[in-house]
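In what follows, a structure is listed as structure tokens, so that the remarks can point back to it.
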Amino acid sequence: MLRDKDIREPLFDFLEEAYGKVRILEEKTMGKSRADVVMVTPNALFGIEIKSDADTYARLGRQVKDYNQYYDYNYVVAGTSHALHVEEHIPEWWGVITAELVEDTVDFYILRRPKRNPKVNWKKKISILWRPELAHIQEMNGLPKYKEKSKLFVAGKILERIPEETLQAQLCEELFERDYNGIAEAIRSYRKANQ
């Protein structure tokens, strides 16, 4: 029986091998759910839900709705006990990766590749970025700073003024460069500079 903790690290290696340059972010809040894994590639965000052999489908309906709002592509990674039926519980555009224990190794197989998510909501997707990351995008595109405005207001202005194709690449780059160790200082510096 494969559990979530057995799947994660080997999955990250598999994804890097399959997609090349990736950044893995774990346990990201999205709406009322939490994405197990967010994979950032140079041009897309992938939401990845792990359904290990120990999991049930009880929360999957709500999780699917949340994933669909935030990510360009979505996968479910299914343990052997779910491999035959998981497709019945997800939209047709979701990809499926199966995880199986072969001897002492977790073996992965892409059963179905994901298609572009037709329900992604840019307002939700851009909310993944921190305020200093939004400020960097504003600066790169010559937008006003909107110092006194909320993150939501700034995100709206970015969405109005930057073409989606350009913004997609910039959003992905910000997430590639995200520094969890330095964020407290970056936020402090941003607030001090914008008082």
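In the structure tokens, each chain is lettered A, B, ... as it comes, each chain's residues begin at 1, and ligands are numbered from 1 in order of appearance.
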Report as an MDAnalysis selection string all protein, DNA and RNA residues lying within 7 Å of Trp94 (chain A), evaluated on only C-alpha atoms, omitting residues in the same chain fewer than 4 positions from it. chainID A and resid 73:75 90 114:115
Okay, now the selection with all heavy atoms, as a PDB file, in the first residue's frame?
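Wrote out.pdb, looks like this:
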```
ATOM      1  N   TYR A  73      -3.005  23.515 -15.838  1.00  0.00           N
ATOM      2  CA  TYR A  73      -3.162  22.081 -16.072  1.00  0.00           C
ATOM      3  C   TYR A  73      -3.279  21.408 -14.709  1.00  0.00           C
ATOM      4  O   TYR A  73      -2.722  21.904 -13.723  1.00  0.00           O
ATOM      5  CB  TYR A  73      -1.947  21.498 -16.801  1.00  0.00           C
ATOM      6  CG  TYR A  73      -1.726  22.072 -18.173  1.00  0.00           C
ATOM      7  CD1 TYR A  73      -0.896  23.175 -18.357  1.00  0.00           C
ATOM      8  CD2 TYR A  73      -2.340  21.511 -19.296  1.00  0.00           C
ATOM      9  CE1 TYR A  73      -0.701  23.712 -19.623  1.00  0.00           C
ATOM     10  CE2 TYR A  73      -2.144  22.039 -20.557  1.00  0.00           C
ATOM     11  CZ  TYR A  73      -1.322  23.135 -20.714  1.00  0.00           C
ATOM     12  OH  TYR A  73      -1.126  23.670 -21.964  1.00  0.00           O
ATOM     13  N   ASN A  74      -3.960  20.266 -14.682  1.00  0.00           N
ATOM     14  CA  ASN A  74      -4.101  19.532 -13.429  1.00  0.00           C
ATOM     15  C   ASN A  74      -3.872  18.044 -13.648  1.00  0.00           C
ATOM     16  O   ASN A  74      -4.236  17.504 -14.695  1.00  0.00           O
ATOM     17  CB  ASN A  74      -5.494  19.743 -12.827  1.00  0.00           C
ATOM     18  CG  ASN A  74      -5.689  21.170 -12.363  1.00  0.00           C
ATOM     19  OD1 ASN A  74      -5.040  21.626 -11.439  1.00  0.00           O
ATOM     20  ND2 ASN A  74      -6.574  21.898 -13.028  1.00  0.00           N
ATOM     21  N   TYR A  75      -3.274  17.436 -12.643  1.00  0.00           N
ATOM     22  CA  TYR A  75      -3.064  15.990 -12.619  1.00  0.00           C
ATOM     23  C   TYR A  75      -3.625  15.435 -11.323  1.00  0.00           C
ATOM     24  O   TYR A  75      -3.585  16.105 -10.285  1.00  0.00           O
ATOM     25  CB  TYR A  75      -1.560  15.666 -12.562  1.00  0.00           C
ATOM     26  CG  TYR A  75      -0.842  15.506 -13.860  1.00  0.00           C
ATOM     27  CD1 TYR A  75       0.174  16.392 -14.217  1.00  0.00           C
ATOM     28  CD2 TYR A  75      -1.104  14.427 -14.718  1.00  0.00           C
ATOM     29  CE1 TYR A  75       0.889  16.230 -15.397  1.00  0.00           C
ATOM     30  CE2 TYR A  75      -0.394  14.267 -15.895  1.00  0.00           C
ATOM     31  CZ  TYR A  75       0.606  15.167 -16.225  1.00  0.00           C
ATOM     32  OH  TYR A  75       1.304  14.999 -17.384  1.00  0.00           O
ATOM     33  N   ILE A  90     -12.865  12.861 -12.039  1.00  0.00           N
ATOM     34  CA  ILE A  90     -12.186  14.093 -12.451  1.00  0.00           C
ATOM     35  C   ILE A  90     -12.652  14.507 -13.843  1.00  0.00           C
ATOM     36  O   ILE A  90     -13.122  13.672 -14.617  1.00  0.00           O
ATOM     37  CB  ILE A  90     -10.639  13.926 -12.435  1.00  0.00           C
ATOM     38  CG1 ILE A  90     -10.217  12.769 -13.339  1.00  0.00           C
ATOM     39  CG2 ILE A  90     -10.124  13.748 -11.008  1.00  0.00           C
ATOM     40  CD1 ILE A  90      -8.732  12.642 -13.553  1.00  0.00           C
ATOM     41  N   PRO A 114      -2.657  15.826 -19.305  1.00  0.00           N
ATOM     42  CA  PRO A 114      -3.677  16.860 -19.103  1.00  0.00           C
ATOM     43  C   PRO A 114      -3.827  17.745 -20.336  1.00  0.00           C
ATOM     44  O   PRO A 114      -2.890  17.922 -21.104  1.00  0.00           O
ATOM     45  CB  PRO A 114      -3.124  17.666 -17.930  1.00  0.00           C
ATOM     46  CG  PRO A 114      -1.637  17.528 -18.063  1.00  0.00           C
ATOM     47  CD  PRO A 114      -1.414  16.132 -18.600  1.00  0.00           C
ATOM     48  N   LYS A 115      -5.031  18.282 -20.481  1.00  0.00           N
ATOM     49  CA  LYS A 115      -5.289  19.301 -21.500  1.00  0.00           C
ATOM     50  C   LYS A 115      -5.388  20.628 -20.768  1.00  0.00           C
ATOM     51  O   LYS A 115      -5.597  20.660 -19.557  1.00  0.00           O
ATOM     52  CB  LYS A 115      -6.611  19.003 -22.219  1.00  0.00           C
ATOM     53  CG  LYS A 115      -6.594  17.698 -22.986  1.00  0.00           C
ATOM     54  CD  LYS A 115      -7.951  17.402 -23.566  1.00  0.00           C
ATOM     55  CE  LYS A 115      -7.954  16.014 -24.169  1.00  0.00           C
ATOM     56  NZ  LYS A 115      -9.304  15.469 -24.283  1.00  0.00           N
TER      57      LYS A 115
END
```
When DSSP is applied to the backbone of this structure, which of region 9-195 of chain A are assigned alpha helix (DSSP H)? Write them out as a count of residues only. 73
Residues within 8 Å of Leu175 (chain A), only C-alpha atoms, excluding chain neighbours under 2 positions, as a PDB file with all heavy atoms, in the first residue's frame:
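Okay, this is what ended up in out_37.pdb:
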```pdb
ATOM      1  N   ARG A  23       9.830  23.726 -10.880  1.00  0.00           N
ATOM      2  CA  ARG A  23       9.956  24.068  -9.461  1.00  0.00           C
ATOM      3  C   ARG A  23       8.740  23.480  -8.783  1.00  0.00           C
ATOM      4  O   ARG A  23       7.615  23.651  -9.245  1.00  0.00           O
ATOM      5  CB  ARG A  23       9.999  25.575  -9.251  1.00  0.00           C
ATOM      6  CG  ARG A  23       9.943  25.936  -7.755  1.00  0.00           C
ATOM      7  CD  ARG A  23      11.002  26.904  -7.360  1.00  0.00           C
ATOM      8  NE  ARG A  23      11.143  27.000  -5.921  1.00  0.00           N
ATOM      9  CZ  ARG A  23      11.217  28.137  -5.259  1.00  0.00           C
ATOM     10  NH1 ARG A  23      11.173  29.286  -5.905  1.00  0.00           N
ATOM     11  NH2 ARG A  23      11.387  28.126  -3.948  1.00  0.00           N
ATOM     12  N   VAL A  40       5.672  24.293 -11.202  1.00  0.00           N
ATOM     13  CA  VAL A  40       5.862  25.462 -12.052  1.00  0.00           C
ATOM     14  C   VAL A  40       6.809  25.065 -13.175  1.00  0.00           C
ATOM     15  O   VAL A  40       7.890  24.519 -12.920  1.00  0.00           O
ATOM     16  CB  VAL A  40       6.474  26.633 -11.250  1.00  0.00           C
ATOM     17  CG1 VAL A  40       6.595  27.877 -12.125  1.00  0.00           C
ATOM     18  CG2 VAL A  40       5.671  26.916  -9.989  1.00  0.00           C
ATOM     19  N   LEU A 129       0.698  34.986  -6.209  1.00  0.00           N
ATOM     20  CA  LEU A 129       1.891  35.821  -6.042  1.00  0.00           C
ATOM     21  C   LEU A 129       1.813  36.673  -4.785  1.00  0.00           C
ATOM     22  O   LEU A 129       0.745  37.124  -4.385  1.00  0.00           O
ATOM     23  CB  LEU A 129       2.081  36.736  -7.259  1.00  0.00           C
ATOM     24  CG  LEU A 129       2.377  36.038  -8.580  1.00  0.00           C
ATOM     25  CD1 LEU A 129       2.506  37.068  -9.697  1.00  0.00           C
ATOM     26  CD2 LEU A 129       3.639  35.181  -8.492  1.00  0.00           C
ATOM     27  N   LEU A 171       4.674  35.484 -14.432  1.00  0.00           N
ATOM     28  CA  LEU A 171       4.170  34.837 -13.217  1.00  0.00           C
ATOM     29  C   LEU A 171       4.981  33.579 -12.914  1.00  0.00           C
ATOM     30  O   LEU A 171       5.401  33.357 -11.770  1.00  0.00           O
ATOM     31  CB  LEU A 171       2.691  34.492 -13.402  1.00  0.00           C
ATOM     32  CG  LEU A 171       1.972  33.853 -12.224  1.00  0.00           C
ATOM     33  CD1 LEU A 171       0.533  34.362 -12.147  1.00  0.00           C
ATOM     34  CD2 LEU A 171       1.959  32.356 -12.313  1.00  0.00           C
ATOM     35  N   CYS A 172       5.207  32.770 -13.928  1.00  0.00           N
ATOM     36  CA  CYS A 172       6.000  31.545 -13.735  1.00  0.00           C
ATOM     37  C   CYS A 172       7.418  31.880 -13.286  1.00  0.00           C
ATOM     38  O   CYS A 172       7.965  31.227 -12.388  1.00  0.00           O
ATOM     39  CB  CYS A 172       6.011  30.709 -15.015  1.00  0.00           C
ATOM     40  SG  CYS A 172       4.400  29.968 -15.405  1.00  0.00           S
ATOM     41  N   GLU A 173       8.014  32.902 -13.887  1.00  0.00           N
ATOM     42  CA  GLU A 173       9.373  33.293 -13.504  1.00  0.00           C
ATOM     43  C   GLU A 173       9.424  33.760 -12.050  1.00  0.00           C
ATOM     44  O   GLU A 173      10.356  33.429 -11.313  1.00  0.00           O
ATOM     45  CB  GLU A 173       9.899  34.381 -14.440  1.00  0.00           C
ATOM     46  CG  GLU A 173      11.351  34.762 -14.202  1.00  0.00           C
ATOM     47  CD  GLU A 173      12.335  33.605 -14.367  1.00  0.00           C
ATOM     48  OE1 GLU A 173      12.065  32.651 -15.128  1.00  0.00           O
ATOM     49  OE2 GLU A 173      13.405  33.647 -13.701  1.00  0.00           O
ATOM     50  N   GLU A 177      11.672  32.064  -9.027  1.00  0.00           N
ATOM     51  CA  GLU A 177      12.636  32.837  -8.246  1.00  0.00           C
ATOM     52  C   GLU A 177      12.229  33.018  -6.789  1.00  0.00           C
ATOM     53  O   GLU A 177      12.994  33.557  -5.998  1.00  0.00           O
ATOM     54  CB  GLU A 177      12.833  34.223  -8.887  1.00  0.00           C
ATOM     55  CG  GLU A 177      13.400  34.173 -10.295  1.00  0.00           C
ATOM     56  CD  GLU A 177      14.769  33.507 -10.347  1.00  0.00           C
ATOM     57  OE1 GLU A 177      15.583  33.723  -9.421  1.00  0.00           O
ATOM     58  OE2 GLU A 177      15.007  32.747 -11.306  1.00  0.00           O
ATOM     59  N   ARG A 178      11.041  32.594  -6.414  1.00  0.00           N
ATOM     60  CA  ARG A 178      10.527  32.792  -5.050  1.00  0.00           C
ATOM     61  C   ARG A 178      11.526  32.265  -4.018  1.00  0.00           C
ATOM     62  O   ARG A 178      11.999  31.148  -4.105  1.00  0.00           O
ATOM     63  CB  ARG A 178       9.191  32.088  -4.884  1.00  0.00           C
ATOM     64  CG  ARG A 178       8.610  32.234  -3.493  1.00  0.00           C
ATOM     65  CD  ARG A 178       7.207  31.696  -3.422  1.00  0.00           C
ATOM     66  NE  ARG A 178       6.274  32.706  -3.896  1.00  0.00           N
ATOM     67  CZ  ARG A 178       4.959  32.565  -3.869  1.00  0.00           C
ATOM     68  NH1 ARG A 178       4.418  31.441  -3.419  1.00  0.00           N
ATOM     69  NH2 ARG A 178       4.172  33.530  -4.291  1.00  0.00           N
TER      70      ARG A 178
END
```
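Take the candidates A:Leu159, A:Ile24, A:Ile110, A:Val120 and check each one against Leu134 (chain A) using only C-alpha atoms; the shortest distance goes to A:Leu159.
The two atoms in question, CA of Thr80 (chain A) and CA of Met1 (chain A), are spaced 8.1 Å apart.
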Residue with the minimum atom-to-atom distance to Arg8 (chain A), picked from A:Asp72, A:Val106, A:Lys28, A:Glu88 with only C-alpha atoms counted, is A:Val106
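Between Ile50 (chain A) and the residues A:Gly79, A:Pro132, A:Pro118, A:Pro144, the shortest atom-to-atom distance, using only C-alpha atoms, involves A:Gly79.
Every protein or nucleic acid residue with an atom no more than 12 Å from Tyr19 (chain A), counting only C-alpha atoms and leaving out same-chain residues fewer than 4 positions away, appears here: Leu11, Phe12, Asp13, Phe14, Leu15, Arg23, Ile24, Met39, Val40, Thr41, Pro42, Asn43, Ala44, Leu45 and Phe46 of chain A.
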Find the distance between CA of Val154 (chain A) and CA of Arg62 (chain A) and write it in Å to one decimal. 28.4 Å
Strand (DSSP E) residues, from DSSP on the backbone, in chain A, as a PyMOL selection string: chain A and resi 23-30+33-41+44-51+73-79+95-102+105-112
What does the distance between CA of Gly95 (chain A) and CA of Val76 (chain A) come to in Å, to one decimal place? 6.4 Å
